[in-house]
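Data block for start_9.txt (compact mmCIF, C-alpha atoms and all ligand atoms):
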# COMPACT_ATOMS: atom_id res chain seq x y z
CA MET A 1 3.66 10.16 9.59
CA VAL A 2 6.24 7.49 8.75
CA ARG A 3 9.97 7.61 9.42
CA PHE A 4 12.47 4.94 8.44
CA GLU A 5 15.93 5.49 9.91
CA GLN A 6 18.78 3.31 8.70
CA LEU A 7 16.47 0.34 8.52
CA ASN A 8 17.94 -2.99 7.46
CA LYS A 9 16.15 -6.22 6.90
CA TRP A 10 17.27 -9.71 5.96
CA PHE A 11 15.30 -12.75 4.89
CA GLY A 12 17.10 -15.57 6.65
CA ARG A 13 20.77 -14.96 7.36
CA ASP A 14 22.07 -14.13 3.97
CA PHE A 15 19.52 -12.26 1.94
CA HIS A 16 19.81 -8.55 2.66
CA VAL A 17 16.48 -7.35 1.29
CA LEU A 18 16.32 -3.77 2.63
CA ARG A 19 19.53 -1.76 2.94
CA ASP A 20 20.00 1.38 4.99
CA ILE A 21 16.53 2.72 4.31
CA ASP A 22 16.03 6.37 5.30
CA LEU A 23 12.62 7.69 4.37
CA ASP A 24 10.26 10.30 5.79
CA ILE A 25 6.65 10.41 4.71
CA ALA A 26 4.68 13.48 5.73
CA ARG A 27 1.07 13.52 6.88
CA GLY A 28 -1.14 13.83 3.81
CA GLU A 29 1.70 13.04 1.43
CA ARG A 30 1.13 10.88 -1.63
CA LEU A 31 4.18 8.79 -2.30
CA VAL A 32 4.75 6.48 -5.25
CA VAL A 33 7.32 3.70 -4.93
CA CYS A 34 8.64 2.11 -8.10
CA GLY A 35 11.53 -0.07 -9.19
CA PRO A 36 12.30 -3.40 -10.81
CA SER A 37 10.63 -6.61 -9.70
CA GLY A 38 12.37 -8.00 -6.64
CA SER A 39 13.84 -4.65 -5.58
CA GLY A 40 12.08 -4.75 -2.17
CA LYS A 41 9.08 -2.47 -2.77
CA SER A 42 6.51 -4.82 -1.24
CA THR A 43 8.80 -5.64 1.66
CA LEU A 44 9.32 -1.92 2.32
CA ILE A 45 5.63 -1.08 2.51
CA ARG A 46 4.82 -4.23 4.45
CA CYS A 47 7.16 -2.96 7.16
CA ILE A 48 4.87 0.07 7.56
CA ASN A 49 2.00 -2.03 8.86
CA ALA A 50 4.26 -4.40 10.76
CA LEU A 51 3.63 -7.30 8.41
CA GLU A 52 7.40 -7.74 8.13
CA PRO A 53 9.87 -7.58 11.01
CA PHE A 54 13.20 -5.82 10.53
CA GLN A 55 16.54 -6.44 12.22
CA GLU A 56 18.26 -3.04 12.36
CA GLY A 57 17.35 0.60 12.51
CA ARG A 58 14.22 2.43 13.46
CA LEU A 59 10.71 2.74 12.10
CA THR A 60 8.08 5.09 13.50
CA VAL A 61 4.51 5.04 12.21
CA ASN A 62 1.99 7.66 13.27
CA GLY A 63 4.00 8.39 16.40
CA VAL A 64 4.45 4.75 17.40
CA ALA A 65 7.93 3.20 17.33
CA LEU A 66 8.15 -0.36 15.99
CA ALA A 67 11.04 -2.26 17.53
CA VAL A 68 13.50 -4.61 15.82
CA GLU A 69 12.68 -8.29 15.55
CA GLY A 70 12.64 -10.07 18.88
CA ARG A 71 11.88 -6.90 20.82
CA GLU A 72 8.48 -6.19 19.31
CA ASP A 73 5.82 -4.75 21.53
CA LEU A 74 2.46 -6.28 20.69
CA ARG A 75 0.59 -3.17 21.72
CA ALA A 76 2.66 -1.01 19.39
CA VAL A 77 2.10 -3.47 16.55
CA GLN A 78 -1.66 -3.42 17.12
CA GLN A 79 -1.70 0.35 17.38
CA VAL A 80 0.17 0.67 14.09
CA ARG A 81 -2.07 -1.83 12.33
CA ARG A 82 -5.11 0.13 13.43
CA SER A 83 -3.81 3.23 11.72
CA VAL A 84 -2.69 1.61 8.46
CA GLY A 85 -4.89 0.15 5.72
CA MET A 86 -3.58 -1.99 2.89
CA VAL A 87 -4.76 -2.86 -0.60
CA PHE A 88 -3.09 -5.83 -2.29
CA GLN A 89 -2.54 -6.80 -5.90
CA GLN A 90 -4.81 -9.82 -5.44
CA PHE A 91 -7.85 -8.32 -3.82
CA ASN A 92 -8.00 -10.91 -1.03
CA LEU A 93 -11.77 -10.69 -0.61
CA PHE A 94 -13.63 -13.58 1.01
CA PRO A 95 -15.51 -15.27 -1.86
CA HIS A 96 -18.21 -16.78 0.37
CA LEU A 97 -19.19 -13.42 1.90
CA THR A 98 -21.17 -10.67 0.22
CA VAL A 99 -19.47 -7.38 -0.50
CA LEU A 100 -21.17 -5.86 2.53
CA ASP A 101 -20.12 -8.72 4.81
CA ASN A 102 -16.54 -8.48 3.54
CA LEU A 103 -16.54 -4.84 4.64
CA THR A 104 -18.18 -5.32 8.02
CA LEU A 105 -16.20 -8.41 9.07
CA ALA A 106 -13.25 -6.66 10.70
CA PRO A 107 -15.18 -3.72 12.18
CA ARG A 108 -17.70 -6.12 13.78
CA ASN A 109 -15.27 -8.80 14.96
CA VAL A 110 -12.17 -6.81 15.77
CA GLY A 111 -13.61 -3.35 16.33
CA LYS A 112 -16.76 -4.65 18.10
CA VAL A 113 -18.87 -2.21 16.11
CA PRO A 114 -22.60 -3.10 16.19
CA ARG A 115 -23.93 -4.58 12.93
CA ALA A 116 -26.17 -1.66 11.94
CA GLU A 117 -23.42 0.87 12.48
CA ALA A 118 -20.85 -1.26 10.64
CA GLU A 119 -23.22 -1.67 7.69
CA ALA A 120 -23.96 2.06 7.50
CA GLN A 121 -20.25 2.78 7.55
CA ALA A 122 -19.61 0.09 4.89
CA LEU A 123 -22.28 1.56 2.60
CA ALA A 124 -20.79 5.03 3.00
CA GLN A 125 -17.36 3.71 1.95
CA LEU A 126 -18.89 1.79 -0.98
CA GLU A 127 -20.48 5.06 -2.10
CA ARG A 128 -17.11 6.71 -1.86
CA VAL A 129 -15.75 4.22 -4.42
CA HIS A 130 -18.98 4.37 -6.46
CA ILE A 131 -20.06 0.80 -6.01
CA ALA A 132 -22.79 0.87 -3.35
CA ASP A 133 -25.23 -0.79 -5.78
CA GLN A 134 -23.11 -3.98 -5.60
CA ALA A 135 -23.29 -4.33 -1.81
CA HIS A 136 -25.32 -7.53 -1.80
CA LYS A 137 -23.40 -9.37 -4.51
CA PHE A 138 -20.58 -11.85 -3.97
CA PRO A 139 -17.04 -10.86 -5.05
CA LEU A 140 -16.88 -13.28 -7.99
CA GLN A 141 -20.01 -11.71 -9.48
CA LEU A 142 -18.03 -8.48 -9.92
CA SER A 143 -15.34 -7.50 -12.42
CA GLY A 144 -11.73 -7.33 -11.28
CA GLY A 145 -11.85 -3.55 -11.18
CA GLN A 146 -15.00 -3.60 -9.05
CA GLN A 147 -13.45 -6.17 -6.70
CA GLN A 148 -10.43 -3.96 -6.23
CA ARG A 149 -12.71 -1.02 -5.42
CA VAL A 150 -14.40 -3.21 -2.82
CA ALA A 151 -10.97 -3.96 -1.36
CA ILE A 152 -10.26 -0.22 -1.18
CA ALA A 153 -13.62 0.40 0.54
CA ARG A 154 -12.82 -2.40 2.98
CA ALA A 155 -9.53 -0.73 3.90
CA LEU A 156 -11.33 2.60 4.33
CA CYS A 157 -13.87 1.06 6.73
CA LEU A 158 -11.16 0.87 9.35
CA ALA A 159 -10.59 4.65 9.05
CA PRO A 160 -6.86 4.37 8.39
CA GLN A 161 -4.50 7.31 8.71
CA ILE A 162 -2.27 5.78 6.05
CA LEU A 163 -3.32 3.75 3.06
CA LEU A 164 -0.80 1.40 1.44
CA PHE A 165 -1.32 0.11 -2.09
CA ASP A 166 0.79 -2.73 -3.43
CA GLU A 167 0.50 -2.76 -7.23
CA PRO A 168 -3.30 -2.48 -7.02
CA THR A 169 -3.81 -2.53 -10.78
CA SER A 170 -1.25 -5.15 -11.82
CA ALA A 171 -3.67 -8.07 -11.73
CA LEU A 172 -6.36 -6.26 -13.72
CA ASP A 173 -7.29 -6.46 -17.37
CA PRO A 174 -6.13 -3.27 -19.07
CA GLU A 175 -9.65 -1.91 -19.57
CA MET A 176 -10.27 -2.07 -15.81
CA VAL A 177 -7.16 -0.31 -14.66
CA HIS A 178 -8.69 3.15 -14.94
CA GLU A 179 -11.71 2.14 -12.80
CA VAL A 180 -9.31 1.66 -9.91
CA LEU A 181 -6.93 4.51 -10.69
CA ASP A 182 -9.83 6.99 -10.91
CA VAL A 183 -10.88 6.05 -7.38
CA MET A 184 -7.29 6.32 -6.16
CA VAL A 185 -6.99 9.77 -7.71
CA GLU A 186 -10.17 10.83 -5.88
CA LEU A 187 -8.84 9.51 -2.57
CA ALA A 188 -5.56 11.29 -3.18
CA GLY A 189 -7.52 14.54 -3.26
CA GLN A 190 -9.05 13.84 0.15
CA GLY A 191 -5.98 14.32 2.30
CA ILE A 192 -5.26 10.73 3.34
CA THR A 193 -1.59 9.72 3.44
CA MET A 194 -1.00 7.30 0.58
CA VAL A 195 1.95 5.09 -0.24
CA CYS A 196 1.49 3.37 -3.59
CA VAL A 197 3.72 0.81 -5.20
CA THR A 198 2.80 1.23 -8.84
CA HIS A 199 4.28 1.59 -12.28
CA GLU A 200 1.33 3.64 -13.51
CA MET A 201 3.22 6.72 -14.56
CA GLU A 202 0.15 8.73 -15.37
CA PHE A 203 -1.14 8.19 -11.86
CA ALA A 204 2.23 9.11 -10.41
CA ARG A 205 2.41 12.25 -12.51
CA SER A 206 -1.08 13.41 -11.65
CA VAL A 207 -1.17 12.74 -7.90
CA ALA A 208 2.21 11.88 -6.40
CA ASP A 209 4.04 14.47 -4.35
CA ARG A 210 7.17 12.37 -4.63
CA VAL A 211 8.46 9.26 -6.37
CA VAL A 212 10.88 6.89 -4.68
CA PHE A 213 12.89 4.59 -6.92
CA MET A 214 14.27 1.35 -5.45
CA ASP A 215 16.74 -1.16 -6.76
CA GLN A 216 18.30 -4.15 -4.98
CA GLY A 217 16.89 -3.20 -1.59
CA GLN A 218 18.06 0.40 -1.66
CA ILE A 219 16.41 3.72 -2.27
CA ILE A 220 18.36 4.96 -5.27
CA GLU A 221 16.60 8.27 -5.77
CA GLN A 222 13.64 10.35 -4.66
CA ALA A 223 12.24 13.23 -6.66
CA ALA A 224 9.12 15.06 -7.76
CA PRO A 225 7.35 12.99 -10.43
CA GLU A 226 8.05 15.40 -13.29
CA ALA A 227 11.74 15.53 -12.50
CA PHE A 228 11.99 11.78 -11.98
CA PHE A 229 10.20 10.73 -15.14
CA SER A 230 11.70 13.32 -17.45
CA ASN A 231 15.20 13.38 -16.04
CA PRO A 232 16.14 10.55 -13.67
CA ARG A 233 19.53 11.08 -12.06
CA SER A 234 20.71 7.48 -11.82
CA GLU A 235 21.57 5.17 -14.66
CA ARG A 236 19.53 2.42 -13.00
CA ALA A 237 16.37 4.55 -12.97
CA ARG A 238 16.99 5.52 -16.58
CA GLN A 239 17.19 1.87 -17.61
CA PHE A 240 14.07 1.04 -15.60
CA LEU A 241 12.07 3.85 -17.22
CA ASP A 242 13.27 2.92 -20.69
CA LYS A 243 11.77 -0.53 -20.22
CA LEU A 244 8.45 0.87 -19.00
CA LEU A 245 7.91 2.97 -22.09
P1 LIG B 1 9.17 -6.21 -5.13
O1 LIG B 1 7.88 -5.94 -4.45
O2 LIG B 1 9.97 -4.98 -5.43
O3 LIG B 1 9.01 -7.05 -6.37
P2 LIG B 1 9.70 -7.86 -2.82
O4 LIG B 1 9.75 -6.92 -1.68
O5 LIG B 1 8.45 -8.65 -3.00
O6 LIG B 1 10.08 -7.08 -4.16
O7 LIG B 1 10.88 -8.89 -2.72
C1 LIG B 1 12.23 -8.49 -2.61
C2 LIG B 1 13.08 -9.73 -2.62
O8 LIG B 1 12.84 -10.50 -1.46
C3 LIG B 1 12.81 -10.66 -3.80
O9 LIG B 1 14.03 -11.20 -4.22
C4 LIG B 1 11.94 -11.73 -3.20
O10 LIG B 1 12.08 -12.95 -3.89
C5 LIG B 1 12.44 -11.82 -1.79
N1 LIG B 1 11.41 -12.22 -0.81
C6 LIG B 1 10.20 -11.65 -0.66
N2 LIG B 1 9.52 -12.22 0.35
C7 LIG B 1 10.34 -13.16 0.85
C8 LIG B 1 10.22 -14.11 1.93
N3 LIG B 1 9.12 -14.16 2.70
N4 LIG B 1 11.27 -14.93 2.16
C9 LIG B 1 12.39 -14.87 1.41
N5 LIG B 1 12.56 -14.01 0.38
C10 LIG B 1 11.55 -13.17 0.11
MG MG B 2 5.95 -6.42 -4.95
Take the structure in this file and express it as structure tokens.
Ligand code: ADP
Ligand code: MG
Amino acid sequence: MVRFEQLNKWFGRDFHVLRDIDLDIARGERLVVCGPSGSGKSTLIRCINALEPFQEGRLTVNGVALAVEGREDLRAVQQVRRSVGMVFQQFNLFPHLTVLDNLTLAPRNVGKVPRAEAEAQALAQLERVHIADQAHKFPLQLSGGQQQRVAIARALCLAPQILLFDEPTSALDPEMVHEVLDVMVELAGQGITMVCVTHEMEFARSVADRVVFMDQGQIIEQAAPEAFFSNPRSERARQFLDKLL
């Protein structure tokens, strides 16, 4: 589904943010990416939906090759973006639109889906995240956990083949974290390819097929969650996990 081959990325001339990334993600796989702050996790997953250009190497997403910076093909970028959904740490909902309008905005304007169809689809996705009763409220009338579930439903409305999560629970009050993780666990059971940047070990242990650990722009190790959490191979991962506990 996703293949990074010797991908390198710099911010400006001097800051080498992603180094020699090789990573294959299978269809239906649930991958957790973790590592210290600033290690390049967000940058890595933002490459998958072509939000970040890269300067060397190859990246293929759902059969479409994304070219290095300066040689991008707009059609390839659009094709990739259509197959990838993303959920951010800050939910990025439009505060002046109702929940339902937040969900139908892109399908109606970009996908040219008729209103009634877009609304039916939006309600179905809100049901999937157990929040259909909030469809006519505005985002700020909801709790943080509910807003994040709306953001997940919004991503699902575009029928993505891959769903990216960038620390989706980091901005939430502790008591709301599980509201979002429970929904993510359910989605994980439904066969969608998921790439989640998260430090929620319980989530990683219960749903991830594989954990990737990054430090300073490199993938340091990849392992099954049990093996990674109980017996990390690298000293850097060991130190990282010690701090989490
Ligand atoms: P993580 O998600 O692991 O915390 P990021 O991918 O956000 O790490 O960032 C990796 C490094 O790149 C950090 O040092 C960050 O400050 C830097 N960085 C991120 N975005 C930009 C940008 N647009 N321009 C310059 N530096 C950036
Ligand atoms: Mg980040």
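With CA of Ile219 in chain A on one side and atom N4 of ligand LIG 1 (chain B) on the other, the separation reads 19.8 Å.
Separating atom O1 of ligand LIG 1 (chain B) from CA of Leu97 in chain A is a distance of 28.8 Å.
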Show me which residues are within 10 Å of ligand LIG 1 (chain B) counting all atoms listed in the file, and format the list as a PyMOL selection string. chain A and resi 9-12+15-18+33-46+52+166-167+197-198+214-217
Pick the closest to ligand MG 2 (chain B) from A:Ala227, A:Cys196, A:Met176, A:Leu100: which is it, counting only C-alpha atoms and all ligand atoms?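 Between A:Ala227, A:Cys196, A:Met176, A:Leu100, the residue approaching ligand MG 2 (chain B) most closely is A:Cys196.
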Up to 8 Å from (-10.4, -1.9, 8.0) in the file's coordinates: name the residues, counting all atoms listed in the file, as a ChimeraX atom specification. /A:82,85,103,106-107,154-160
Give the padded box for range 35-49 of chain A as JSON: axis-aligned, covering all atoms listed in the file, 5 Å on each side, centre and edge lengths in Å to one decimal.
{"center_x": 7.9, "center_y": -4.0, "center_z": -1.0, "size_x": 21.8, "size_y": 18.1, "size_z": 29.7}
Write out as a PDB file with C-alpha atoms, keeping the file's coordinate frame the residues lying within 12 Å of Glu127 in chain A, counting all atoms listed in the file and excluding same-chain residues fewer than 3 positions away.
ATOM      1  CA  LEU A 100     -21.170  -5.860   2.530  1.00  0.00           C
ATOM      2  CA  ALA A 120     -23.960   2.060   7.500  1.00  0.00           C
ATOM      3  CA  GLN A 121     -20.250   2.780   7.550  1.00  0.00           C
ATOM      4  CA  ALA A 122     -19.610   0.090   4.890  1.00  0.00           C
ATOM      5  CA  LEU A 123     -22.280   1.560   2.600  1.00  0.00           C
ATOM      6  CA  ALA A 124     -20.790   5.030   3.000  1.00  0.00           C
ATOM      7  CA  HIS A 130     -18.980   4.370  -6.460  1.00  0.00           C
ATOM      8  CA  ILE A 131     -20.060   0.800  -6.010  1.00  0.00           C
ATOM      9  CA  ALA A 132     -22.790   0.870  -3.350  1.00  0.00           C
ATOM     10  CA  ASP A 133     -25.230  -0.790  -5.780  1.00  0.00           C
ATOM     11  CA  GLN A 134     -23.110  -3.980  -5.600  1.00  0.00           C
ATOM     12  CA  ALA A 135     -23.290  -4.330  -1.810  1.00  0.00           C
ATOM     13  CA  ARG A 149     -12.710  -1.020  -5.420  1.00  0.00           C
ATOM     14  CA  VAL A 150     -14.400  -3.210  -2.820  1.00  0.00           C
ATOM     15  CA  ILE A 152     -10.260  -0.220  -1.180  1.00  0.00           C
ATOM     16  CA  ALA A 153     -13.620   0.400   0.540  1.00  0.00           C
ATOM     17  CA  ARG A 154     -12.820  -2.400   2.980  1.00  0.00           C
ATOM     18  CA  LEU A 156     -11.330   2.600   4.330  1.00  0.00           C
ATOM     19  CA  CYS A 157     -13.870   1.060   6.730  1.00  0.00           C
ATOM     20  CA  VAL A 183     -10.880   6.050  -7.380  1.00  0.00           C
TER      21      VAL A 183
END
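Proximity to ligand MG 2 (chain B) was assessed for A:Ala171, A:Val177, A:Leu126, A:Val113 counting only C-alpha atoms and all ligand atoms; the smallest distance is recorded for A:Ala171.
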Could you check how far CA of Leu163 in chain A sits from CA of Val84 in chain A, in Å to one decimal? 5.8 Å
When distances are computed from all atoms listed in the file, which of A:His96, A:Met201, A:Thr104, A:Asn8 shows the smallest separation from Glu69 in chain A?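 Result for the nearest residue to Glu69 in chain A: A:Asn8.
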Contacts of Asp182 in chain A within 12 Å, only C-alpha atoms, excl. fewer than 2 positions in-chain, as a compact mmCIF listing (two decimals) with C-alpha atoms, in the frame of the given file:
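Saved file result_36.txt follows:
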# COMPACT_ATOMS: atom_id res chain seq x y z
CA ARG A 128 -17.11 6.71 -1.86
CA VAL A 129 -15.75 4.22 -4.42
CA HIS A 130 -18.98 4.37 -6.46
CA GLY A 145 -11.85 -3.55 -11.18
CA GLN A 146 -15.00 -3.60 -9.05
CA GLN A 148 -10.43 -3.96 -6.23
CA ARG A 149 -12.71 -1.02 -5.42
CA THR A 169 -3.81 -2.53 -10.78
CA MET A 176 -10.27 -2.07 -15.81
CA VAL A 177 -7.16 -0.31 -14.66
CA HIS A 178 -8.69 3.15 -14.94
CA GLU A 179 -11.71 2.14 -12.80
CA VAL A 180 -9.31 1.66 -9.91
CA MET A 184 -7.29 6.32 -6.16
CA VAL A 185 -6.99 9.77 -7.71
CA GLU A 186 -10.17 10.83 -5.88
CA LEU A 187 -8.84 9.51 -2.57
CA ALA A 188 -5.56 11.29 -3.18
CA GLY A 189 -7.52 14.54 -3.26
CA GLU A 200 1.33 3.64 -13.51
CA GLU A 202 0.15 8.73 -15.37
CA PHE A 203 -1.14 8.19 -11.86
CA SER A 206 -1.08 13.41 -11.65
CA VAL A 207 -1.17 12.74 -7.90
Point out the residue among A:Gln55, A:Leu245, A:Ala223, A:Pro168 with the least atom-to-atom distance to ligand MG 2 (chain B), counting all atoms listed in the file. A:Pro168
Restricting the calculation to all atoms listed in the file, which member of A:Ala116, A:Leu105, A:Ile220, A:Leu142 is positioned closest to Phe91 in chain A?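 Checking each candidate against Phe91 in chain A, we get A:Leu142 as the closest.
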Have a look at A:Ala67, A:Pro53, A:Leu140, A:Ser170 and name the one nearest to ligand MG 2 (chain B); count all atoms listed in the file.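 Of the candidates, the smallest distance to ligand MG 2 (chain B) is held by A:Ser170.
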Could you list, as a ChimeraX atom specification, every residue within 9 Å of Leu7 in chain A, counting all atoms listed in the file and ignoring same-chain residues fewer than 2 positions away? /A:4-5,9,18-22,54-59
Please rebuild range 182-192 of chain A with all heavy atoms and give the result as an mmCIF file, in the frame of the given file.
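And here is the file that came out, part.cif:
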data_model
loop_
_atom_site.group_PDB
_atom_site.id
_atom_site.type_symbol
_atom_site.label_atom_id
_atom_site.label_comp_id
_atom_site.auth_asym_id
_atom_site.auth_seq_id
_atom_site.Cartn_x
_atom_site.Cartn_y
_atom_site.Cartn_z
ATOM 1 N N ASP A 182 -8.963 5.814 -11.095
ATOM 2 C CA ASP A 182 -9.830 6.990 -10.910
ATOM 3 C C ASP A 182 -10.208 7.147 -9.434
ATOM 4 O O ASP A 182 -10.215 8.247 -8.893
ATOM 5 C CB ASP A 182 -11.109 6.868 -11.746
ATOM 6 C CG ASP A 182 -10.821 7.034 -13.236
ATOM 7 O OD1 ASP A 182 -9.669 7.364 -13.585
ATOM 8 O OD2 ASP A 182 -11.739 6.807 -14.050
ATOM 9 N N VAL A 183 -10.519 6.010 -8.807
ATOM 10 C CA VAL A 183 -10.880 6.050 -7.380
ATOM 11 C C VAL A 183 -9.672 6.456 -6.534
ATOM 12 O O VAL A 183 -9.791 7.240 -5.592
ATOM 13 C CB VAL A 183 -11.424 4.654 -6.951
ATOM 14 C CG1 VAL A 183 -11.382 4.492 -5.454
ATOM 15 C CG2 VAL A 183 -12.836 4.464 -7.479
ATOM 16 N N MET A 184 -8.501 5.955 -6.909
ATOM 17 C CA MET A 184 -7.290 6.320 -6.160
ATOM 18 C C MET A 184 -6.978 7.813 -6.305
ATOM 19 O O MET A 184 -6.540 8.461 -5.356
ATOM 20 C CB MET A 184 -6.108 5.479 -6.615
ATOM 21 C CG MET A 184 -6.245 4.021 -6.181
ATOM 22 S SD MET A 184 -5.004 2.972 -6.934
ATOM 23 C CE MET A 184 -3.512 3.665 -6.234
ATOM 24 N N VAL A 185 -7.219 8.340 -7.487
ATOM 25 C CA VAL A 185 -6.990 9.770 -7.710
ATOM 26 C C VAL A 185 -7.955 10.581 -6.822
ATOM 27 O O VAL A 185 -7.549 11.554 -6.175
ATOM 28 C CB VAL A 185 -7.186 10.150 -9.199
ATOM 29 C CG1 VAL A 185 -7.209 11.658 -9.383
ATOM 30 C CG2 VAL A 185 -6.081 9.528 -10.049
ATOM 31 N N GLU A 186 -9.206 10.136 -6.744
ATOM 32 C CA GLU A 186 -10.170 10.830 -5.880
ATOM 33 C C GLU A 186 -9.727 10.810 -4.417
ATOM 34 O O GLU A 186 -9.762 11.823 -3.735
ATOM 35 C CB GLU A 186 -11.561 10.191 -6.001
ATOM 36 C CG GLU A 186 -12.286 10.577 -7.265
ATOM 37 C CD GLU A 186 -13.645 9.878 -7.354
ATOM 38 O OE1 GLU A 186 -14.321 9.707 -6.305
ATOM 39 O OE2 GLU A 186 -14.008 9.494 -8.461
ATOM 40 N N LEU A 187 -9.294 9.623 -3.963
ATOM 41 C CA LEU A 187 -8.840 9.510 -2.570
ATOM 42 C C LEU A 187 -7.633 10.406 -2.314
ATOM 43 O O LEU A 187 -7.508 11.013 -1.252
ATOM 44 C CB LEU A 187 -8.454 8.066 -2.240
ATOM 45 C CG LEU A 187 -9.588 7.068 -2.147
ATOM 46 C CD1 LEU A 187 -9.019 5.671 -1.940
ATOM 47 C CD2 LEU A 187 -10.529 7.426 -1.004
ATOM 48 N N ALA A 188 -6.775 10.473 -3.322
ATOM 49 C CA ALA A 188 -5.560 11.290 -3.180
ATOM 50 C C ALA A 188 -5.934 12.750 -2.938
ATOM 51 O O ALA A 188 -5.187 13.489 -2.297
ATOM 52 C CB ALA A 188 -4.690 11.150 -4.421
ATOM 53 N N GLY A 189 -7.091 13.161 -3.445
ATOM 54 C CA GLY A 189 -7.520 14.540 -3.260
ATOM 55 C C GLY A 189 -8.178 14.782 -1.916
ATOM 56 O O GLY A 189 -8.570 15.905 -1.607
ATOM 57 N N GLN A 190 -8.310 13.715 -1.098
ATOM 58 C CA GLN A 190 -9.050 13.840 0.150
ATOM 59 C C GLN A 190 -8.163 13.894 1.390
ATOM 60 O O GLN A 190 -8.645 13.765 2.510
ATOM 61 C CB GLN A 190 -10.088 12.704 0.256
ATOM 62 C CG GLN A 190 -11.146 12.808 -0.836
ATOM 63 C CD GLN A 190 -12.021 11.563 -0.963
ATOM 64 O OE1 GLN A 190 -11.958 10.659 -0.131
ATOM 65 N NE2 GLN A 190 -12.839 11.517 -1.999
ATOM 66 N N GLY A 191 -6.868 14.040 1.176
ATOM 67 C CA GLY A 191 -5.980 14.320 2.300
ATOM 68 C C GLY A 191 -5.429 13.121 3.053
ATOM 69 O O GLY A 191 -4.653 13.279 3.982
ATOM 70 N N ILE A 192 -5.786 11.901 2.643
ATOM 71 C CA ILE A 192 -5.260 10.730 3.340
ATOM 72 C C ILE A 192 -3.811 10.483 2.886
ATOM 73 O O ILE A 192 -3.471 10.715 1.736
ATOM 74 C CB ILE A 192 -6.166 9.501 3.091
ATOM 75 C CG1 ILE A 192 -5.718 8.300 3.931
ATOM 76 C CG2 ILE A 192 -6.214 9.112 1.615
ATOM 77 C CD1 ILE A 192 -6.762 7.224 4.041
#
